[in-house]
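Peer 1: So here's query.pdb, just PDB, C-alpha atoms, pLDDT in the B column:
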MODEL        1
ATOM      1  CA  MET Y   1       6.709 -10.739 -11.833  1.00 65.00           C
ATOM      2  CA  SER Y   2       5.797 -12.794  -8.813  1.00 76.00           C
ATOM      3  CA  VAL Y   3       5.238 -10.935  -5.566  1.00 83.00           C
ATOM      4  CA  ASP Y   4       5.924 -11.920  -1.969  1.00 89.00           C
ATOM      5  CA  LYS Y   5       3.178 -13.991  -0.378  1.00 94.00           C
ATOM      6  CA  PHE Y   6       1.007 -11.949   1.931  1.00 95.00           C
ATOM      7  CA  THR Y   7      -0.925 -13.673   4.684  1.00 96.00           C
ATOM      8  CA  TYR Y   8      -0.523 -11.653   7.883  1.00 97.00           C
ATOM      9  CA  LEU Y   9       1.334  -8.507   8.811  1.00 98.00           C
ATOM     10  CA  GLU Y  10       1.678  -6.753  12.127  1.00 98.00           C
ATOM     11  CA  SER Y  11       3.424  -3.428  11.950  1.00 98.00           C
ATOM     12  CA  SER Y  12       3.505   0.107  13.215  1.00 97.00           C
ATOM     13  CA  CYS Y  13       2.216   2.778  10.818  1.00 97.00           C
ATOM     14  CA  VAL Y  14       3.511   5.879   9.095  1.00 97.00           C
ATOM     15  CA  PRO Y  15       0.702   8.473   9.164  1.00 98.00           C
ATOM     16  CA  LEU Y  16       0.241  10.722   6.139  1.00 97.00           C
ATOM     17  CA  PRO Y  17      -3.134  12.409   6.679  1.00 96.00           C
ATOM     18  CA  ASN Y  18      -2.985  14.544   3.530  1.00 96.00           C
ATOM     19  CA  GLU Y  19      -6.032  14.081   1.306  1.00 96.00           C
ATOM     20  CA  ASN Y  20      -5.997  13.852  -2.513  1.00 96.00           C
ATOM     21  CA  VAL Y  21      -2.388  12.667  -2.730  1.00 96.00           C
ATOM     22  CA  ASP Y  22      -1.816  12.102  -6.431  1.00 95.00           C
ATOM     23  CA  THR Y  23       0.672   9.865  -8.176  1.00 95.00           C
ATOM     24  CA  ASP Y  24       2.920  12.806  -9.113  1.00 93.00           C
ATOM     25  CA  GLN Y  25       3.281  13.612  -5.412  1.00 96.00           C
ATOM     26  CA  ILE Y  26       3.976   9.939  -4.684  1.00 96.00           C
ATOM     27  CA  ILE Y  27       6.731   9.835  -7.311  1.00 94.00           C
ATOM     28  CA  PRO Y  28       7.423  12.929  -9.449  1.00 91.00           C
ATOM     29  CA  ALA Y  29       7.471  12.389 -13.222  1.00 86.00           C
ATOM     30  CA  ARG Y  30      11.163  13.315 -13.545  1.00 87.00           C
ATOM     31  CA  PHE Y  31      12.083  10.082 -11.717  1.00 84.00           C
ATOM     32  CA  LEU Y  32      10.245   7.718 -14.073  1.00 82.00           C
ATOM     33  CA  LYS Y  33      13.164   7.008 -16.390  1.00 80.00           C
ATOM     34  CA  ALA Y  34      14.015   3.494 -15.231  1.00 75.00           C
ATOM     35  CA  THR Y  35      12.147   0.491 -16.573  1.00 75.00           C
ATOM     36  CA  SER Y  36      12.880  -1.943 -13.755  1.00 78.00           C
ATOM     37  CA  ARG Y  37      10.843  -1.728 -10.568  1.00 79.00           C
ATOM     38  CA  GLU Y  38      13.815  -1.188  -8.300  1.00 82.00           C
ATOM     39  CA  GLY Y  39      15.217   2.061  -6.975  1.00 84.00           C
ATOM     40  CA  PHE Y  40      11.984   4.041  -6.935  1.00 90.00           C
ATOM     41  CA  GLY Y  41      11.682   3.955  -3.131  1.00 91.00           C
ATOM     42  CA  GLU Y  42      14.448   6.509  -2.703  1.00 92.00           C
ATOM     43  CA  ASN Y  43      12.276   9.017  -4.584  1.00 93.00           C
ATOM     44  CA  LEU Y  44       8.990   8.207  -2.862  1.00 96.00           C
ATOM     45  CA  PHE Y  45       7.359  11.547  -1.979  1.00 97.00           C
ATOM     46  CA  ARG Y  46      10.601  13.137  -3.199  1.00 96.00           C
ATOM     47  CA  ASP Y  47       9.410  16.747  -3.254  1.00 96.00           C
ATOM     48  CA  TRP Y  48       7.936  16.439   0.229  1.00 96.00           C
ATOM     49  CA  ARG Y  49      10.885  14.520   1.696  1.00 96.00           C
ATOM     50  CA  PHE Y  50      13.775  16.586   0.338  1.00 96.00           C
ATOM     51  CA  SER Y  51      14.519  20.241  -0.346  1.00 95.00           C
ATOM     52  CA  SER Y  52      15.615  21.349  -3.815  1.00 93.00           C
ATOM     53  CA  SER Y  53      19.215  20.978  -2.599  1.00 95.00           C
ATOM     54  CA  GLY Y  54      18.574  17.370  -1.535  1.00 93.00           C
ATOM     55  CA  GLU Y  55      18.420  17.952   2.229  1.00 96.00           C
ATOM     56  CA  PRO Y  56      15.789  15.974   4.170  1.00 96.00           C
ATOM     57  CA  ILE Y  57      12.819  18.107   5.224  1.00 97.00           C
ATOM     58  CA  LYS Y  58      12.532  17.483   8.963  1.00 95.00           C
ATOM     59  CA  ASP Y  59       8.780  18.032   9.179  1.00 95.00           C
ATOM     60  CA  PHE Y  60       7.910  15.335   6.652  1.00 97.00           C
ATOM     61  CA  VAL Y  61       6.769  12.125   8.307  1.00 97.00           C
ATOM     62  CA  LEU Y  62       9.173   9.806   6.451  1.00 96.00           C
ATOM     63  CA  ASN Y  63      12.046  11.843   7.890  1.00 97.00           C
ATOM     64  CA  GLN Y  64      10.817  11.576  11.488  1.00 96.00           C
ATOM     65  CA  SER Y  65      12.485   8.743  13.389  1.00 94.00           C
ATOM     66  CA  GLU Y  66       9.499   8.158  15.665  1.00 94.00           C
ATOM     67  CA  TYR Y  67       7.507   6.848  12.716  1.00 95.00           C
ATOM     68  CA  SER Y  68       8.365   3.616  10.956  1.00 95.00           C
ATOM     69  CA  GLY Y  69       6.704   0.470   9.740  1.00 97.00           C
ATOM     70  CA  GLN Y  70       5.371  -1.327   6.707  1.00 98.00           C
ATOM     71  CA  ILE Y  71       1.928   0.288   6.780  1.00 98.00           C
ATOM     72  CA  LEU Y  72       1.259   3.695   5.257  1.00 98.00           C
ATOM     73  CA  LEU Y  73      -1.804   5.318   6.790  1.00 98.00           C
ATOM     74  CA  ALA Y  74      -3.045   7.763   4.178  1.00 98.00           C
ATOM     75  CA  GLY Y  75      -5.732  10.400   3.881  1.00 97.00           C
ATOM     76  CA  LYS Y  76      -8.796  10.164   1.645  1.00 97.00           C
ATOM     77  CA  ASN Y  77      -8.443   9.796  -2.129  1.00 96.00           C
ATOM     78  CA  PHE Y  78      -4.929   8.382  -2.170  1.00 96.00           C
ATOM     79  CA  GLY Y  79      -3.325   7.652  -5.544  1.00 95.00           C
ATOM     80  CA  SER Y  80      -5.397   9.951  -7.722  1.00 93.00           C
ATOM     81  CA  GLY Y  81      -4.022  11.615 -10.843  1.00 88.00           C
ATOM     82  CA  SER Y  82      -2.190   9.876 -13.643  1.00 84.00           C
ATOM     83  CA  SER Y  83      -2.194   6.105 -13.975  1.00 84.00           C
ATOM     84  CA  ARG Y  84       1.535   5.644 -13.454  1.00 86.00           C
ATOM     85  CA  GLU Y  85       2.372   2.229 -12.067  1.00 90.00           C
ATOM     86  CA  HIS Y  86       5.628   3.685 -10.772  1.00 92.00           C
ATOM     87  CA  ALA Y  87       3.689   5.060  -7.770  1.00 95.00           C
ATOM     88  CA  ALA Y  88       2.979   1.523  -6.595  1.00 95.00           C
ATOM     89  CA  TRP Y  89       6.560   0.519  -7.434  1.00 94.00           C
ATOM     90  CA  ALA Y  90       7.893   3.380  -5.245  1.00 95.00           C
ATOM     91  CA  ILE Y  91       5.667   2.434  -2.311  1.00 97.00           C
ATOM     92  CA  ALA Y  92       6.660  -1.231  -2.551  1.00 95.00           C
ATOM     93  CA  ASP Y  93      10.352  -0.447  -3.058  1.00 95.00           C
ATOM     94  CA  TYR Y  94      10.355   1.825   0.008  1.00 97.00           C
ATOM     95  CA  GLY Y  95       9.105  -1.129   2.044  1.00 96.00           C
ATOM     96  CA  PHE Y  96       5.410  -0.509   2.546  1.00 97.00           C
ATOM     97  CA  LYS Y  97       3.278  -3.654   2.280  1.00 97.00           C
ATOM     98  CA  VAL Y  98      -0.075  -2.054   3.116  1.00 98.00           C
ATOM     99  CA  VAL Y  99      -1.685   1.328   2.462  1.00 98.00           C
ATOM    100  CA  ILE Y 100      -4.791   2.186   4.466  1.00 98.00           C
ATOM    101  CA  SER Y 101      -7.115   4.964   3.353  1.00 98.00           C
ATOM    102  CA  SER Y 102     -10.815   5.807   3.261  1.00 97.00           C
ATOM    103  CA  PHE Y 103     -10.703   5.999  -0.559  1.00 97.00           C
ATOM    104  CA  PHE Y 104      -8.306   4.998  -3.349  1.00 96.00           C
ATOM    105  CA  ALA Y 105      -8.237   5.912  -7.004  1.00 94.00           C
ATOM    106  CA  ASP Y 106      -9.212   2.736  -8.893  1.00 94.00           C
ATOM    107  CA  ILE Y 107      -6.112   2.615 -11.089  1.00 94.00           C
ATOM    108  CA  PHE Y 108      -3.812   3.073  -8.111  1.00 95.00           C
ATOM    109  CA  ARG Y 109      -5.647   0.311  -6.228  1.00 96.00           C
ATOM    110  CA  ASN Y 110      -5.127  -2.122  -9.116  1.00 95.00           C
ATOM    111  CA  ASN Y 111      -1.509  -1.104  -9.625  1.00 94.00           C
ATOM    112  CA  ALA Y 112      -0.847  -1.630  -5.912  1.00 95.00           C
ATOM    113  CA  LEU Y 113      -2.426  -5.085  -5.928  1.00 95.00           C
ATOM    114  CA  ASN Y 114      -0.444  -6.037  -9.047  1.00 92.00           C
ATOM    115  CA  ASN Y 115       2.758  -5.101  -7.238  1.00 92.00           C
ATOM    116  CA  GLY Y 116       2.215  -6.827  -3.905  1.00 93.00           C
ATOM    117  CA  VAL Y 117       0.946  -3.818  -1.967  1.00 96.00           C
ATOM    118  CA  LEU Y 118      -2.386  -4.330  -0.210  1.00 98.00           C
ATOM    119  CA  PRO Y 119      -4.626  -1.232  -0.361  1.00 98.00           C
ATOM    120  CA  ILE Y 120      -7.205  -1.419   2.434  1.00 98.00           C
ATOM    121  CA  GLN Y 121     -10.172   0.895   2.212  1.00 97.00           C
ATOM    122  CA  VAL Y 122     -11.752   1.622   5.574  1.00 97.00           C
ATOM    123  CA  SER Y 123     -14.581   3.899   6.648  1.00 96.00           C
ATOM    124  CA  ALA Y 124     -13.800   7.556   7.291  1.00 97.00           C
ATOM    125  CA  GLU Y 125     -14.683   7.021  10.959  1.00 96.00           C
ATOM    126  CA  PHE Y 126     -12.336   4.052  11.344  1.00 95.00           C
ATOM    127  CA  LEU Y 127      -9.559   5.996   9.596  1.00 96.00           C
ATOM    128  CA  ARG Y 128     -10.000   8.923  12.027  1.00 96.00           C
ATOM    129  CA  LYS Y 129      -9.794   6.555  14.997  1.00 95.00           C
ATOM    130  CA  LEU Y 130      -6.671   4.954  13.606  1.00 96.00           C
ATOM    131  CA  PHE Y 131      -4.975   8.314  12.983  1.00 97.00           C
ATOM    132  CA  LYS Y 132      -5.773   9.329  16.581  1.00 96.00           C
ATOM    133  CA  ALA Y 133      -4.421   6.047  17.925  1.00 95.00           C
ATOM    134  CA  ILE Y 134      -1.165   6.471  15.983  1.00 95.00           C
ATOM    135  CA  GLU Y 135      -0.890  10.110  17.069  1.00 94.00           C
ATOM    136  CA  LYS Y 136      -1.307   9.058  20.705  1.00 95.00           C
ATOM    137  CA  ASP Y 137       1.087   6.117  20.475  1.00 95.00           C
ATOM    138  CA  HIS Y 138       3.550   6.174  17.569  1.00 94.00           C
ATOM    139  CA  SER Y 139       4.447   2.527  18.193  1.00 93.00           C
ATOM    140  CA  GLN Y 140       0.814   1.363  17.929  1.00 94.00           C
ATOM    141  CA  LYS Y 141       0.796  -1.936  16.040  1.00 96.00           C
ATOM    142  CA  VAL Y 142      -1.828  -2.767  13.463  1.00 97.00           C
ATOM    143  CA  GLY Y 143      -2.537  -6.332  12.403  1.00 98.00           C
ATOM    144  CA  VAL Y 144      -3.649  -7.163   8.863  1.00 98.00           C
ATOM    145  CA  ASP Y 145      -5.030 -10.648   8.272  1.00 98.00           C
ATOM    146  CA  LEU Y 146      -5.632 -11.105   4.546  1.00 98.00           C
ATOM    147  CA  GLU Y 147      -7.242 -14.532   4.875  1.00 97.00           C
ATOM    148  CA  LYS Y 148      -9.861 -13.157   7.290  1.00 97.00           C
ATOM    149  CA  GLN Y 149      -9.895  -9.779   5.524  1.00 98.00           C
ATOM    150  CA  GLU Y 150      -9.529  -8.122   8.883  1.00 97.00           C
ATOM    151  CA  LEU Y 151      -7.596  -5.101  10.110  1.00 97.00           C
ATOM    152  CA  ARG Y 152      -7.120  -4.873  13.883  1.00 96.00           C
ATOM    153  CA  TYR Y 153      -5.565  -2.615  16.486  1.00 94.00           C
ATOM    154  CA  ASN Y 154      -6.242  -2.672  20.231  1.00 90.00           C
ATOM    155  CA  ASP Y 155      -9.882  -3.776  20.518  1.00 89.00           C
ATOM    156  CA  GLU Y 156     -10.935  -2.211  17.220  1.00 90.00           C
ATOM    157  CA  ALA Y 157     -11.454  -4.345  14.124  1.00 92.00           C
ATOM    158  CA  PHE Y 158     -12.493  -3.631  10.573  1.00 95.00           C
ATOM    159  CA  GLN Y 159     -13.507  -6.133   7.894  1.00 97.00           C
ATOM    160  CA  PHE Y 160     -12.230  -5.015   4.512  1.00 97.00           C
ATOM    161  CA  GLU Y 161     -13.180  -5.953   0.971  1.00 97.00           C
ATOM    162  CA  ILE Y 162     -10.830  -7.264  -1.690  1.00 97.00           C
ATOM    163  CA  ASN Y 163     -11.385  -8.757  -5.115  1.00 95.00           C
ATOM    164  CA  PRO Y 164     -11.293 -12.571  -4.579  1.00 96.00           C
ATOM    165  CA  TYR Y 165      -8.932 -13.061  -7.533  1.00 95.00           C
ATOM    166  CA  LYS Y 166      -6.481 -10.459  -6.226  1.00 95.00           C
ATOM    167  CA  LYS Y 167      -6.744 -11.954  -2.736  1.00 96.00           C
ATOM    168  CA  ASP Y 168      -5.819 -15.389  -4.099  1.00 95.00           C
ATOM    169  CA  CYS Y 169      -2.881 -13.880  -5.992  1.00 94.00           C
ATOM    170  CA  LEU Y 170      -1.527 -12.100  -2.883  1.00 95.00           C
ATOM    171  CA  LEU Y 171      -1.980 -15.121  -0.624  1.00 96.00           C
ATOM    172  CA  ASN Y 172       0.008 -17.258  -3.072  1.00 94.00           C
ATOM    173  CA  GLY Y 173       2.487 -14.648  -4.302  1.00 92.00           C
ATOM    174  CA  PHE Y 174       1.144 -14.920  -7.861  1.00 91.00           C
ATOM    175  CA  ASP Y 175       1.126 -12.433 -10.672  1.00 86.00           C
ATOM    176  CA  ASP Y 176      -1.400 -12.947 -13.504  1.00 84.00           C
ATOM    177  CA  ILE Y 177       0.885 -15.409 -15.332  1.00 88.00           C
ATOM    178  CA  ASP Y 178       1.664 -17.414 -12.185  1.00 88.00           C
ATOM    179  CA  TYR Y 179      -2.070 -17.673 -11.544  1.00 86.00           C
ATOM    180  CA  LEU Y 180      -2.716 -19.124 -15.010  1.00 87.00           C
ATOM    181  CA  ILE Y 181       0.196 -21.545 -14.714  1.00 89.00           C
ATOM    182  CA  ASP Y 182      -1.187 -22.707 -11.356  1.00 88.00           C
ATOM    183  CA  LYS Y 183      -4.507 -23.455 -13.058  1.00 86.00           C
ATOM    184  CA  LYS Y 184      -2.918 -25.215 -16.060  1.00 88.00           C
ATOM    185  CA  ALA Y 185      -3.941 -28.730 -14.988  1.00 88.00           C
ATOM    186  CA  LYS Y 186      -7.553 -27.671 -14.466  1.00 87.00           C
ATOM    187  CA  ILE Y 187      -7.589 -25.914 -17.832  1.00 86.00           C
ATOM    188  CA  GLN Y 188      -6.175 -29.011 -19.545  1.00 87.00           C
ATOM    189  CA  ASP Y 189      -8.722 -31.233 -17.808  1.00 89.00           C
ATOM    190  CA  PHE Y 190     -11.503 -28.922 -18.943  1.00 88.00           C
ATOM    191  CA  GLU Y 191     -10.249 -28.905 -22.536  1.00 87.00           C
ATOM    192  CA  GLY Y 192      -9.389 -32.613 -22.565  1.00 82.00           C
TER     193      GLY Y 192
ENDMDL
END
Step by step, read the file and then write its structure as structure tokens.

Peer 2:
Amino acid sequence: MSVDKFTYLESSCVPLPNENVDTDQIIPARFLKATSREGFGENLFRDWRFSSSGEPIKDFVLNQSEYSGQILLAGKNFGSGSSREHAAWAIADYGFKVVISSFFADIFRNNALNNGVLPIQVSAEFLRKLFKAIEKDHSQKVGVDLEKQELRYNDEAFQFEINPYKKDCLLNGFDDIDYLIDKKAKIQDFEG
């Protein structure tokens, strides 16, 4: 599956400061019945967003109108737990393009990258500053420049790391197969 090209994004953030958010909290196991990647966004953080009777829980950040955007600002150790790819599907289907945290579970990080969601790991100090900035001004915009590997808000900037192969895939909207097809001529030249 190809993904949307990602070069630059400027967006407000949705702050979720909870630490150790696991994949079952991101999308509960009972909602993993579909095999296509669509429709999972409506159950993102289902047990935190909705009561057992299906009513929105007002205190949960996704139900608060003052918060919106394509960037999820998450607490430390986001995406731990089981290796379910559906967690990345739910985040992407909800509309998030970037998740920022001070630490990601490795499997979640790879699943996110494979599904067009950019996980940006920042220092704990930078994350604290960003949470405070969003708390002070809910409309605070954050810029993410993938080419420069830079995250910026106000006068603060953070250079982030990303696997060069995954960066190339996101910049071009490639999945693993698209990447190989793009290199077909070079492979044939090498073999020829």

Peer 1: Find the residues around Tyr165 in chain Y up to 12 Å (all atoms listed in the file counted), leave out those fewer than 2 positions away in its own chain, and share them as a PyMOL selection string.

Peer 2: chain Y and resi 110+113-114+161-163+167-176+179-180

Peer 1: Can you tell me how far CA of Thr23 in chain Y sits from CA of Phe160 in chain Y, in Å to one decimal?

Peer 2: 23.4 Å

Peer 1: Return as an mmCIF file with C-alpha atoms, in the frame of the given file the set of residues that the PyMOL selection byres ((chain Y and resi 63-68) around 9) yields on the displayed structure.

Peer 2:
data_model
loop_
_atom_site.group_PDB
_atom_site.id
_atom_site.type_symbol
_atom_site.label_atom_id
_atom_site.label_comp_id
_atom_site.auth_asym_id
_atom_site.auth_seq_id
_atom_site.Cartn_x
_atom_site.Cartn_y
_atom_site.Cartn_z
ATOM 1 C CA SER Y 11 3.424 -3.428 11.950
ATOM 2 C CA SER Y 12 3.505 0.107 13.215
ATOM 3 C CA CYS Y 13 2.216 2.778 10.818
ATOM 4 C CA VAL Y 14 3.511 5.879 9.095
ATOM 5 C CA PRO Y 15 0.702 8.473 9.164
ATOM 6 C CA ARG Y 49 10.885 14.520 1.696
ATOM 7 C CA PRO Y 56 15.789 15.974 4.170
ATOM 8 C CA ILE Y 57 12.819 18.107 5.224
ATOM 9 C CA LYS Y 58 12.532 17.483 8.963
ATOM 10 C CA ASP Y 59 8.780 18.032 9.179
ATOM 11 C CA PHE Y 60 7.910 15.335 6.652
ATOM 12 C CA VAL Y 61 6.769 12.125 8.307
ATOM 13 C CA LEU Y 62 9.173 9.806 6.451
ATOM 14 C CA GLY Y 69 6.704 0.470 9.740
ATOM 15 C CA GLN Y 70 5.371 -1.327 6.707
ATOM 16 C CA ILE Y 71 1.928 0.288 6.780
ATOM 17 C CA HIS Y 138 3.550 6.174 17.569
ATOM 18 C CA SER Y 139 4.447 2.527 18.193
#

Peer 1: Skipping near chain neighbours, those fewer than 4 positions away, what residues fall within 12 Å of Tyr8 in chain Y using all atoms listed in the file, listed as a list in words?

Peer 2: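 Here the qualifying residues turn out to be Asp4, Gln70, Lys97, Val98, Leu118, Val142, Gly143, Val144, Asp145, Leu146, Glu147, Lys148, Gln149, Glu150, Leu151, Arg152, Leu170 and Leu171 of chain Y.
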
Peer 1: Translate the PyMOL selection byres ((chain Y and resi 73) around 10) into a concrete residue list for this structure, as an MDAnalysis selection string.

Peer 2: chainID Y and resid 12:18 70:72 74:76 78 98:102 120 127 130:131 134

Peer 1: Measure the distance from CA of Ala92 in chain Y to CA of Ile26 in chain Y in Å and round it to one decimal.

Peer 2: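 We find that CA of Ala92 in chain Y and CA of Ile26 in chain Y lie 11.7 Å from each other.
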
Peer 1: Excluding Gly41 in chain Y and its own-chain neighbours fewer than 3 positions away, which residues fall within 6 Å of it when counting all atoms listed in the file? Please give them as a PDB file with C-alpha atoms, in the frame of the given file.

Peer 2:
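Contents of the output file selection.pdb:
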ATOM      1  CA  LEU Y  44       8.990   8.207  -2.862  1.00 96.00           C
ATOM      2  CA  ALA Y  90       7.893   3.380  -5.245  1.00 95.00           C
ATOM      3  CA  ASP Y  93      10.352  -0.447  -3.058  1.00 95.00           C
ATOM      4  CA  TYR Y  94      10.355   1.825   0.008  1.00 97.00           C
TER       5      TYR Y  94
END

Peer 1: Go through Y:Ala124, Y:Leu9, Y:Ala157, Y:Val3 and flag the residue nearest Ala112 in chain Y, using all atoms listed in the file for the distances.

Peer 2: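 Ranked by minimum distance to Ala112 in chain Y, first place goes to Y:Val3.
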
Peer 1: So, counting only C-alpha atoms, which residue among Y:Trp89, Y:Phe50, Y:Phe104, Y:Phe96 is closest to Leu32 in chain Y?

Peer 2: Y:Trp89

Peer 1: Give me the box for range 140-156 of chain Y as JSON, namely the centre and edge lengths in Å to one decimal of a box along x, y and z that holds every listed atom plus 4 Å on each side.

Peer 2:
{"center_x": -5.1, "center_y": -6.6, "center_z": 12.5, "size_x": 19.7, "size_y": 23.9, "size_z": 24.0}

Peer 1: Rounded to one decimal place, report the CA of Ala88 in chain Y-CA of Asp24 in chain Y distance in Å.

Peer 2: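 Computing it gives 11.6 Å between the two atoms.
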
Peer 1: Identify which of the residues Y:Asp189, Y:Asp155, Y:Glu85, Y:Glu135 lies closest to Asn115 in chain Y, counting all atoms listed in the file when measuring atom-to-atom distances.

Peer 2: Y:Glu85

Peer 1: I need the residue nearest Asn20 in chain Y from this list: Y:Glu38, Y:Asn43, Y:Asp106, Y:Ser80. Use only C-alpha atoms for the distance.

Peer 2: Y:Ser80

Peer 1: For Tyr153 in chain Y, which residue among Y:Ala133, Y:Val117, Y:Val21, Y:Ala105 is the nearest when counting all atoms listed in the file?

Peer 2: Y:Ala133
